[in-house]
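Q: Okay, so here is data.csv, and as you'll see once you scroll down, it has CSV, C-alpha atoms.
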```csv
chain,number,residue,atom,x,y,z
P,1,MET,CA,33.3,46.4,12.0
P,2,MET,CA,32.5,46.9,15.7
P,3,LEU,CA,34.9,49.2,17.6
P,4,GLU,CA,37.4,47.7,20.0
P,5,GLY,CA,37.2,49.3,23.4
P,6,TRP,CA,39.2,49.1,26.6
P,7,ARG,CA,38.3,49.9,30.2
P,8,TRP,CA,40.7,52.4,31.6
P,9,TYR,CA,40.6,53.9,35.1
P,10,GLY,CA,42.5,57.1,34.5
P,11,PRO,CA,46.0,58.4,34.9
P,12,ASN,CA,46.6,56.1,38.0
P,13,ASP,CA,45.6,52.9,36.1
P,14,PRO,CA,48.6,50.5,36.1
P,15,VAL,CA,47.7,49.8,32.5
P,16,SER,CA,48.9,52.8,30.4
P,17,LEU,CA,47.4,54.3,27.3
P,18,ASP,CA,50.3,53.0,25.3
P,19,ASP,CA,49.5,49.5,26.7
P,20,VAL,CA,46.0,50.0,25.3
P,21,ARG,CA,47.3,51.0,21.9
P,22,GLN,CA,49.7,48.0,21.8
P,23,ALA,CA,46.7,45.7,22.6
P,24,GLY,CA,45.1,47.1,19.4
P,25,ALA,CA,42.1,48.8,21.0
P,26,SER,CA,41.0,52.2,19.6
P,27,ASP,CA,38.2,53.2,21.9
P,28,ILE,CA,38.5,54.1,25.6
P,29,VAL,CA,35.8,53.2,28.2
P,30,SER,CA,36.3,55.4,31.2
P,31,ALA,CA,34.8,57.7,33.8
P,32,LEU,CA,35.7,60.5,36.2
P,33,HIS,CA,36.3,58.2,39.1
P,34,GLN,CA,37.5,61.0,41.3
P,35,VAL,CA,34.1,62.7,41.4
P,36,PRO,CA,32.1,61.7,44.5
P,37,ILE,CA,28.9,59.7,43.8
P,38,GLY,CA,26.0,62.0,43.4
P,39,GLU,CA,28.1,65.1,42.5
P,40,ALA,CA,27.6,66.5,39.0
P,41,TRP,CA,30.4,66.1,36.5
P,42,THR,CA,31.4,69.4,34.9
P,43,ARG,CA,32.1,70.0,31.2
P,44,LYS,CA,35.5,71.2,32.1
P,45,GLY,CA,36.3,68.0,34.0
P,46,VAL,CA,35.1,65.8,31.1
P,47,GLU,CA,37.0,67.9,28.5
P,48,GLU,CA,40.2,67.7,30.5
P,49,ARG,CA,40.0,63.9,30.7
P,50,LYS,CA,39.0,63.6,27.0
P,51,ASN,CA,41.9,65.8,26.0
P,52,PHE,CA,44.3,63.7,28.1
P,53,ILE,CA,43.1,60.5,26.4
P,54,GLU,CA,42.9,61.8,22.9
P,55,ASN,CA,45.6,64.4,22.7
P,56,GLY,CA,48.0,63.8,25.6
P,57,GLN,CA,50.6,61.9,23.6
P,58,PRO,CA,51.1,63.6,20.3
P,59,GLY,CA,52.3,61.3,17.5
P,60,ARG,CA,50.8,58.2,19.1
P,61,ALA,CA,48.0,56.1,17.5
P,62,GLN,CA,44.7,57.9,18.0
P,63,LEU,CA,42.5,56.8,20.9
P,64,THR,CA,38.9,58.0,21.3
P,65,TRP,CA,37.0,58.3,24.6
P,66,SER,CA,33.7,56.9,23.3
P,67,VAL,CA,32.0,55.3,26.3
P,68,VAL,CA,31.4,56.5,29.8
P,69,GLU,CA,31.3,53.7,32.3
P,70,SER,CA,29.9,54.8,34.6
P,71,ILE,CA,28.1,57.8,36.0
P,72,PRO,CA,27.1,56.3,39.3
P,73,ILE,CA,23.4,56.4,40.3
P,74,PRO,CA,23.1,57.5,43.9
P,75,ASP,CA,21.6,55.2,46.5
P,76,ASP,CA,18.6,57.5,47.1
P,77,VAL,CA,17.4,57.1,43.5
P,78,LYS,CA,17.2,53.4,44.0
P,79,ARG,CA,15.4,53.8,47.3
P,80,VAL,CA,12.9,56.5,46.4
P,81,GLY,CA,12.9,56.8,42.6
P,82,GLY,CA,11.7,60.0,41.1
P,83,LYS,CA,11.5,61.7,44.5
P,84,ALA,CA,15.3,61.9,44.5
P,85,THR,CA,15.1,65.0,42.4
P,86,LYS,CA,18.5,66.5,43.5
P,87,SER,CA,20.4,63.4,42.6
P,88,ILE,CA,18.6,62.9,39.3
P,89,ASP,CA,19.2,66.6,38.4
P,90,ALA,CA,23.0,66.1,39.1
P,91,TRP,CA,23.0,62.9,37.0
P,92,ILE,CA,21.4,64.8,34.1
P,93,ALA,CA,24.0,67.6,34.5
P,94,SER,CA,26.7,64.9,34.2
P,95,LEU,CA,24.9,63.4,31.1
P,96,GLU,CA,24.9,66.9,29.5
P,97,ALA,CA,28.6,67.4,30.2
P,98,VAL,CA,29.4,64.1,28.6
P,99,ALA,CA,27.3,64.8,25.6
P,100,ALA,CA,28.8,68.2,25.1
P,101,SER,CA,32.2,66.6,24.7
P,102,GLY,CA,30.9,64.3,22.0
P,103,ILE,CA,30.7,61.1,24.0
P,104,LYS,CA,27.5,59.3,23.0
P,105,ILE,CA,27.4,56.1,25.1
P,106,ILE,CA,26.8,55.9,28.8
P,107,CYS,CA,26.9,52.6,30.7
P,108,TYR,CA,25.3,52.4,34.2
P,109,ASN,CA,23.8,49.9,36.6
P,110,PHE,CA,21.0,49.8,39.1
P,111,MET,CA,22.3,47.3,41.6
P,112,PRO,CA,21.4,48.3,45.2
P,113,VAL,CA,24.0,48.4,48.0
P,114,VAL,CA,26.6,46.2,46.3
P,115,ASP,CA,27.8,46.4,42.7
P,116,TRP,CA,29.4,43.3,41.0
P,117,CYS,CA,30.2,40.7,43.6
P,118,ARG,CA,32.9,38.0,43.9
P,119,THR,CA,34.4,36.0,46.7
P,120,ASP,CA,37.9,35.4,45.3
P,121,LEU,CA,40.1,37.7,43.3
P,122,GLU,CA,43.0,35.3,42.8
P,123,TRP,CA,41.5,31.8,42.2
P,124,GLU,CA,44.2,29.7,40.7
P,125,LEU,CA,43.3,28.0,37.4
P,126,PRO,CA,44.9,24.7,36.3
P,127,ASN,CA,47.3,26.6,34.1
P,128,GLY,CA,48.6,28.7,36.9
P,129,ALA,CA,46.8,31.9,35.9
P,130,ARG,CA,44.5,33.6,38.4
P,131,ALA,CA,40.8,34.3,37.9
P,132,LEU,CA,37.9,36.1,39.6
P,133,ARG,CA,35.4,33.6,41.2
P,134,PHE,CA,32.1,33.6,43.0
P,135,ASP,CA,32.0,30.6,45.4
P,136,GLN,CA,28.5,30.1,46.8
P,137,ASP,CA,29.7,28.4,50.0
P,138,ARG,CA,32.1,31.2,50.7
P,139,PHE,CA,29.4,33.8,50.0
P,140,ALA,CA,27.0,31.9,52.4
P,141,ALA,CA,29.8,31.9,55.1
P,142,PHE,CA,30.1,35.7,54.7
P,143,GLU,CA,26.4,36.3,54.8
P,144,LEU,CA,25.5,33.9,57.7
P,145,HIS,CA,28.6,34.3,59.9
P,146,ILE,CA,30.3,37.6,59.1
P,147,LEU,CA,27.5,39.9,58.0
P,148,GLN,CA,25.1,37.9,60.1
P,149,ARG,CA,22.0,38.9,58.1
P,150,GLN,CA,19.1,37.6,60.2
P,151,ALA,CA,16.8,36.8,57.4
P,152,ALA,CA,19.5,34.9,55.5
P,153,LEU,CA,18.8,31.5,57.1
P,154,GLN,CA,15.6,31.1,55.1
P,155,ASP,CA,17.6,31.5,51.9
P,156,TYR,CA,19.8,28.4,52.5
P,157,SER,CA,19.1,24.8,52.9
P,158,GLN,CA,20.3,22.9,56.0
P,159,ASP,CA,23.1,21.4,53.9
P,160,ALA,CA,24.2,24.8,52.6
P,161,GLN,CA,24.2,26.2,56.1
P,162,ALA,CA,26.3,23.3,57.3
P,163,ARG,CA,28.8,23.8,54.6
P,164,ALA,CA,29.0,27.5,55.3
P,165,LYS,CA,29.5,26.8,59.0
P,166,ALA,CA,32.3,24.3,58.4
P,167,LEU,CA,34.0,26.7,56.0
P,168,PHE,CA,33.7,29.6,58.4
P,169,ASP,CA,35.1,27.6,61.3
P,170,LYS,CA,38.3,27.0,59.4
P,171,MET,CA,38.8,30.7,58.5
P,172,SER,CA,41.6,32.7,60.2
P,173,GLN,CA,41.1,36.4,60.9
P,174,ALA,CA,43.1,37.1,57.8
P,175,ASP,CA,40.7,35.0,55.8
P,176,ILE,CA,37.7,36.8,57.2
P,177,ASP,CA,39.3,40.2,56.6
P,178,TYR,CA,40.0,39.2,53.0
P,179,LEU,CA,36.4,38.2,52.4
P,180,ILE,CA,35.1,41.4,53.8
P,181,MET,CA,37.5,43.4,51.6
P,182,VAL,CA,36.4,41.5,48.5
P,183,ILE,CA,32.7,41.7,49.1
P,184,ALA,CA,32.1,44.9,51.0
P,185,SER,CA,35.0,47.2,50.0
P,186,ALA,CA,34.0,48.0,46.4
P,187,LEU,CA,35.8,46.3,43.5
P,188,PRO,CA,37.3,48.2,40.6
P,189,GLY,CA,34.7,50.0,38.6
P,190,SER,CA,32.1,49.7,41.4
P,191,THR,CA,29.5,52.4,41.6
P,192,THR,CA,28.8,51.8,45.2
P,193,GLU,CA,30.7,53.0,48.3
P,194,PRO,CA,33.1,50.8,50.3
P,195,LEU,CA,31.3,49.6,53.4
P,196,THR,CA,32.2,48.4,56.9
P,197,ILE,CA,30.1,45.5,58.3
P,198,PRO,CA,27.9,47.9,60.4
P,199,GLN,CA,27.4,50.2,57.4
P,200,PHE,CA,26.5,47.2,55.3
P,201,ARG,CA,23.8,46.1,57.8
P,202,ASP,CA,22.4,49.7,57.9
P,203,LYS,CA,22.3,49.8,54.1
P,204,LEU,CA,20.4,46.5,53.9
P,205,ASP,CA,18.0,47.7,56.5
P,206,ALA,CA,17.2,50.8,54.4
P,207,TYR,CA,16.0,48.4,51.7
P,208,ARG,CA,13.9,46.2,53.8
P,209,ASP,CA,10.6,47.3,52.2
P,210,ILE,CA,12.0,47.5,48.6
P,211,THR,CA,10.5,44.7,46.5
P,212,PRO,CA,11.5,43.9,42.9
P,213,LYS,CA,8.4,45.7,41.7
P,214,ILE,CA,9.2,48.8,43.7
P,215,LEU,CA,12.9,48.9,42.5
P,216,ARG,CA,11.8,48.5,38.9
P,217,GLN,CA,9.4,51.3,39.3
P,218,HIS,CA,12.2,53.5,40.7
P,219,LEU,CA,14.3,52.7,37.7
P,220,VAL,CA,11.4,53.5,35.4
P,221,GLU,CA,11.0,56.9,37.2
P,222,PHE,CA,14.7,57.6,36.8
P,223,LEU,CA,14.6,56.7,33.1
P,224,ALA,CA,11.4,58.8,32.5
P,225,ARG,CA,13.5,61.8,33.6
P,226,VAL,CA,16.8,61.1,31.9
P,227,ALA,CA,15.9,59.2,28.7
P,228,PRO,CA,14.2,62.2,27.0
P,229,VAL,CA,17.3,64.3,27.7
P,230,ALA,CA,19.6,61.6,26.4
P,231,GLU,CA,17.5,61.1,23.3
P,232,GLN,CA,17.6,64.8,22.5
P,233,LEU,CA,21.4,64.8,22.9
P,234,GLY,CA,21.8,61.6,20.8
P,235,VAL,CA,23.2,59.6,23.8
P,236,SER,CA,22.6,55.9,24.3
P,237,LEU,CA,22.0,54.8,27.9
P,238,THR,CA,23.1,51.2,28.3
P,239,LEU,CA,22.0,49.4,31.5
P,240,HIS,CA,24.5,46.8,32.7
P,241,PRO,CA,23.0,43.6,34.0
P,242,ASP,CA,23.1,42.5,37.6
P,243,ASP,CA,26.3,40.6,38.4
P,244,PRO,CA,25.6,37.8,39.4
P,245,PRO,CA,22.1,37.9,37.8
P,246,ARG,CA,20.1,36.9,40.9
P,247,PRO,CA,19.1,38.4,44.3
P,248,LEU,CA,21.9,38.8,46.8
P,249,PHE,CA,21.5,39.7,50.5
P,250,GLY,CA,17.8,39.6,50.1
P,251,LEU,CA,18.0,42.6,47.8
P,252,PRO,CA,16.0,42.7,44.6
P,253,ARG,CA,17.7,42.5,41.2
P,254,ILE,CA,15.9,43.7,38.2
P,255,ALA,CA,18.3,43.5,35.2
P,256,SER,CA,19.0,39.8,35.2
P,257,SER,CA,17.0,38.3,32.2
P,258,ALA,CA,15.5,39.1,28.9
P,259,GLU,CA,12.1,39.6,30.6
P,260,ASP,CA,13.6,42.2,32.9
P,261,TYR,CA,15.0,44.2,30.0
P,262,GLN,CA,11.8,43.9,28.0
P,263,ALA,CA,9.8,45.2,30.9
P,264,LEU,CA,12.0,48.3,31.0
P,265,PHE,CA,11.8,48.8,27.3
P,266,ASP,CA,8.1,48.5,27.4
P,267,ALA,CA,7.8,51.0,30.3
P,268,VAL,CA,10.3,53.5,28.7
P,269,PRO,CA,10.3,53.0,25.0
P,270,SER,CA,12.7,55.8,24.2
P,271,LYS,CA,15.3,54.8,21.7
P,272,ALA,CA,17.9,56.1,24.2
P,273,ASN,CA,16.9,53.3,26.7
P,274,GLY,CA,19.3,50.5,25.9
P,275,ILE,CA,21.3,47.5,27.2
P,276,CYS,CA,24.9,46.9,27.8
P,277,LEU,CA,25.1,43.3,26.6
P,278,CYS,CA,27.4,41.7,29.2
P,279,THR,CA,27.8,38.1,28.2
P,280,GLY,CA,29.6,37.2,31.4
P,281,SER,CA,27.1,38.5,33.8
P,282,LEU,CA,24.0,37.2,31.9
P,283,GLY,CA,25.8,34.0,31.1
P,284,VAL,CA,25.8,33.0,34.8
P,285,ARG,CA,22.1,32.4,34.5
P,286,ALA,CA,21.6,29.1,32.6
P,287,GLU,CA,18.2,30.1,31.1
P,288,ASN,CA,19.6,33.3,29.5
P,289,ASN,CA,20.0,32.7,25.8
P,290,LEU,CA,22.6,35.2,24.9
P,291,PRO,CA,22.6,34.8,21.1
P,292,GLU,CA,18.9,35.2,21.1
P,293,MET,CA,19.1,38.3,23.4
P,294,ALA,CA,21.8,39.8,21.1
P,295,GLU,CA,19.4,39.4,18.2
P,296,ARG,CA,16.2,40.4,20.0
P,297,PHE,CA,17.7,43.6,21.5
P,298,GLY,CA,20.1,44.4,18.7
P,299,PRO,CA,18.8,47.9,18.0
P,300,ARG,CA,19.2,48.8,21.7
P,301,ILE,CA,22.8,47.5,22.0
P,302,ALA,CA,25.3,50.3,21.7
P,303,PHE,CA,27.9,48.7,24.0
P,304,ALA,CA,28.9,45.1,24.9
P,305,HIS,CA,31.1,43.5,27.5
P,306,LEU,CA,32.3,40.3,25.8
P,307,ARG,CA,33.6,38.1,28.5
P,308,ALA,CA,32.9,34.5,29.5
P,309,THR,CA,31.9,32.8,32.8
P,310,ARG,CA,31.8,29.1,33.6
P,311,ARG,CA,29.1,27.8,35.9
P,312,GLU,CA,30.4,25.2,38.4
P,313,ALA,CA,28.8,21.9,39.5
P,314,ASP,CA,26.5,23.5,42.2
P,315,GLY,CA,24.9,25.8,39.6
P,316,LEU,CA,25.5,28.9,41.7
P,317,SER,CA,29.3,29.2,41.9
P,318,PHE,CA,31.1,30.4,38.8
P,319,HIS,CA,34.5,31.7,37.6
P,320,GLU,CA,35.8,33.9,34.8
P,321,SER,CA,36.9,31.6,31.9
P,322,ASP,CA,38.8,32.3,28.7
P,323,HIS,CA,36.8,34.6,26.5
P,324,LEU,CA,35.8,32.0,24.0
P,325,ASP,CA,35.4,29.1,26.4
P,326,GLY,CA,32.6,29.9,28.8
P,327,ASP,CA,29.1,28.7,28.9
P,328,VAL,CA,27.9,31.3,26.4
P,329,ASP,CA,28.2,30.5,22.7
P,330,MET,CA,30.4,33.6,22.0
P,331,ILE,CA,30.7,32.9,18.3
P,332,ALA,CA,26.9,33.0,17.9
P,333,VAL,CA,26.7,36.2,20.0
P,334,LEU,CA,29.4,37.8,17.8
P,335,LYS,CA,27.5,36.8,14.6
P,336,ALA,CA,24.3,38.5,15.9
P,337,LEU,CA,26.1,41.6,17.0
P,338,LEU,CA,28.0,41.9,13.6
P,339,LYS,CA,24.7,41.5,11.8
P,340,GLU,CA,23.2,44.3,13.8
P,341,ASN,CA,26.3,46.4,13.4
P,342,ALA,CA,26.3,46.1,9.6
P,343,ARG,CA,22.9,47.8,9.5
P,344,ARG,CA,24.3,50.9,11.2
P,345,SER,CA,25.9,54.1,10.0
P,346,PRO,CA,29.6,54.6,10.7
P,347,ASP,CA,28.9,56.9,13.6
P,348,GLN,CA,26.7,54.4,15.4
P,349,GLN,CA,28.9,51.4,15.5
P,350,ILE,CA,28.7,49.0,18.5
P,351,VAL,CA,31.6,49.4,20.9
P,352,PHE,CA,32.7,46.2,22.7
P,353,ARG,CA,35.5,45.5,25.2
P,354,PRO,CA,37.1,42.4,26.6
P,355,ASP,CA,36.5,42.1,30.3
P,356,HIS,CA,37.8,40.4,33.5
P,357,GLY,CA,40.9,39.0,31.9
P,358,HIS,CA,43.0,36.5,33.9
P,359,ARG,CA,46.1,37.5,35.8
P,360,MET,CA,48.8,35.7,33.9
P,361,LEU,CA,52.4,35.8,32.6
P,362,ASP,CA,54.3,38.9,33.8
P,363,ASP,CA,51.2,40.3,35.5
P,364,LEU,CA,51.7,37.5,38.1
P,365,ALA,CA,54.9,39.2,39.4
P,366,ALA,CA,54.6,40.0,43.0
P,367,THR,CA,56.0,43.5,42.4
P,368,LYS,CA,53.5,44.3,39.7
P,369,ARG,CA,50.3,46.3,40.6
P,370,THR,CA,47.2,45.2,38.9
P,371,ASN,CA,43.4,45.8,39.3
P,372,PRO,CA,41.5,42.6,39.8
P,373,GLY,CA,39.9,41.6,36.5
P,374,TYR,CA,41.6,44.5,34.6
P,375,THR,CA,45.1,43.2,33.9
P,376,ALA,CA,46.8,44.1,30.7
P,377,ILE,CA,47.9,40.7,29.5
P,378,GLY,CA,44.7,38.8,30.3
P,379,ARG,CA,42.5,41.3,28.5
P,380,LEU,CA,45.0,41.5,25.6
P,381,ARG,CA,44.5,37.8,25.2
P,382,GLY,CA,40.8,38.2,25.3
P,383,LEU,CA,40.7,41.0,22.8
P,384,ALA,CA,43.0,39.0,20.5
P,385,GLU,CA,40.7,36.0,20.7
P,386,LEU,CA,37.6,38.1,20.0
P,387,ARG,CA,39.3,40.0,17.2
P,388,GLY,CA,40.3,36.8,15.5
P,389,ALA,CA,36.8,35.3,15.8
P,390,ILE,CA,35.3,38.5,14.3
P,391,ARG,CA,37.8,38.5,11.4
P,392,ALA,CA,37.0,34.8,10.7
P,393,ILE,CA,33.3,35.4,10.8
P,394,GLY,CA,33.6,38.3,8.4
P,395,HIS,CA,35.9,36.3,6.0
P,396,ARG,CA,33.3,33.6,5.4
```
Could you render the structure as structure tokens?
A:
Amino acid sequence: MMLEGWRWYGPNDPVSLDDVRQAGASDIVSALHQVPIGEAWTRKGVEERKNFIENGQPGRAQLTWSVVESIPIPDDVKRVGGKATKSIDAWIASLEAVAASGIKIICYNFMPVVDWCRTDLEWELPNGARALRFDQDRFAAFELHILQRQAALQDYSQDAQARAKALFDKMSQADIDYLIMVIASALPGSTTEPLTIPQFRDKLDAYRDITPKILRQHLVEFLARVAPVAEQLGVSLTLHPDDPPRPLFGLPRIASSAEDYQALFDAVPSKANGICLCTGSLGVRAENNLPEMAERFGPRIAFAHLRATRREADGLSFHESDHLDGDVDMIAVLKALLKENARRSPDQQIVFRPDHGHRMLDDLAATKRTNPGYTAIGRLRGLAELRGAIRAIGHR
């Protein structure tokens, strides 16, 4: 069976390791979030965190730190590729520290300037639970009237511009501040730095000459350095898709489709070069066939984010749905992953985790601290649904 993972943000995470155990997960997905981006992780730092996870509570059910998500890739690697030797050297040192501690899966992304992007962290669902949401009109209002990206006008129709203007005109200063916080201030798990609006503009300007072809080449140059080391150490590098899987702010995105991944696998055929199959991110793009991708790229999938998104009427807005009820055929994806997993040895099982659970039940309490998308109860529900589906598939 695939291994049940859980994203955990360290000792300050409001979800405790006992909460993880009670949800039934066995494998921890975590990182050294305290280490500044671009600074090498040390073996001591990795070992201390691993010992805390695996041996910090004697007598409890065993947990294993099996996936690192993420070792952030510094901005200069995305802008200049292989020329960013110092940053790549530091990343390799972190990779070696992780491998020395027996952790064999690393998830990373190559999204420039912003990581995963949403416009709402507390969008109310019909049942009263709260979900993460990307609203295209709110995003346009931010880009056109708060960020004021000059080239953005050409990306929006007259109707879209009018809707964004009408929405912005109704915003209070608190509404504007909230939108800046959500989009520019780095959501949980982000591997980019929080930005002020002036800093945001400066970052975008630094990418003005970076095309999709150039960004892809920079990723290829990065992988050409790190993949041989990872392969020698038996580590799988799993590239997380763009979220959402389309260009934002005029920036290129190069991990949004099956064709994008195939181009990277063709350019760097190392078996260490893999994919994090995130059904939620890739599922936002209607033309992405996730069951087919799971089957096609099966040997390169060491890690999966099994969450669901629901595209809205405009085709660009979306929200996080229940894990089995999004646009992706989750059952078909699970069948493909289980088929691939059955071919593997016990030490190479696919790790999956529920993701972006709803804020619901006791997690809605005003006094309870939660990380957006990473509540205990919402993810527990998602994991239970996935576990039940997996058991049913295996019982046939």
Q: What does the structure give for the distance between CA of Asn288 in chain P and CA of Thr309 in chain P, in Å to one decimal?
A: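 Result for CA of Asn288 in chain P versus CA of Thr309 in chain P: 12.7 Å, one decimal.
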Q: List as JSON, numbers by chain the protein and nucleic acid residues near range 355-361 of chain P, meaning an atom at most 7 Å away when only C-alpha atoms are counted, but skip any in the same chain fewer than 3 places from it.
A: {"P": [129, 130, 131, 305, 306, 307, 320, 364, 373, 374, 375, 377, 378, 379, 382]}
Q: Just want the 6 Å neighbourhood of range 91-97 of chain P, counted on all atoms listed in the file, with same-chain residues fewer than 6 positions away dropped. Output as a list of chain:residue names.
A: P:Ala40, P:Trp41, P:Thr42, P:Arg43
Q: Go ahead and write the selection's residues with C-alpha atoms as a PDB file, in the coordinates of the input.
A:
```pdb
ATOM      1  CA  ALA P  40      27.600  66.500  39.000  1.00  0.00           C
ATOM      2  CA  TRP P  41      30.400  66.100  36.500  1.00  0.00           C
ATOM      3  CA  THR P  42      31.400  69.400  34.900  1.00  0.00           C
ATOM      4  CA  ARG P  43      32.100  70.000  31.200  1.00  0.00           C
TER       5      ARG P  43
END
```
Q: Neighbouring residues of Tyr261 in chain P were defined as those with any atom within 10 Å, considering only C-alpha atoms; residues of the same chain fewer than 4 positions away were excluded. Please report them as number ranges by chain.
A: P: 239, 241, 254-257, 265-267, 273-275, 293, 297
Q: From the set P:Ile301, P:Ile214, P:Ala389, P:Ala366, which residue has the shortest atom-to-atom contact distance to Lys335 in chain P, counting only C-alpha atoms?
A: P:Ala389
Q: In Å, rounded to a single decimal, give me how far CA of Ala308 in chain P is from CA of Val29 in chain P.
A: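 Pair CA of Val29 in chain P / CA of Ala308 in chain P returns 19.0 Å.
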Q: Would you mind reading off the distance between CA of Arg246 in chain P and CA of Ile350 in chain P, one decimal, in Å?
A: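 That distance, rounded to one decimal, is 26.9 Å.
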Q: Return the single residue from P:Lys213, P:Leu386, P:Ala302, P:Arg49 that is closest to Ala263 in chain P, with distances computed using only C-alpha atoms.
A: P:Lys213
Q: Identify which of the residues P:Met330, P:Ala141, P:Val68, P:Ala258 lies closest to Trp8 in chain P, counting all atoms listed in the file when measuring atom-to-atom distances.
A: P:Val68
Q: Using all atoms listed in the file, which residues sit within 7 Å of range 109-115 of chain P once same-chain residues fewer than 4 positions away are excluded, as a list in words?
A: Lys78, Ser190, Thr191, Thr192, Lys203, Leu239, His240, Pro241, Asp242 and Arg253 of chain P
Q: Do a neighbour search on Leu337 in chain P at 9 Å with all atoms listed in the file, toss out local chain neighbours closer than 5 positions, and write the hits as a compact mmCIF listing (two decimals) with C-alpha atoms, keeping the file's coordinate frame.
A:
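Output file out-v3.txt is given in full below:
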```txt
# COMPACT_ATOMS: atom_id res chain seq x y z
CA MET P 2 32.50 46.90 15.70
CA PRO P 291 22.60 34.80 21.10
CA ALA P 294 21.80 39.80 21.10
CA GLU P 295 19.40 39.40 18.20
CA GLY P 298 20.10 44.40 18.70
CA ILE P 301 22.80 47.50 22.00
CA ALA P 332 26.90 33.00 17.90
CA ALA P 342 26.30 46.10 9.60
CA ILE P 350 28.70 49.00 18.50
```
Q: Which residue gives the smallest distance to Ala140 in chain P among P:Thr279, P:Pro244, P:Lys44, P:Leu316, with all atoms listed in the file counted?
A: P:Leu316
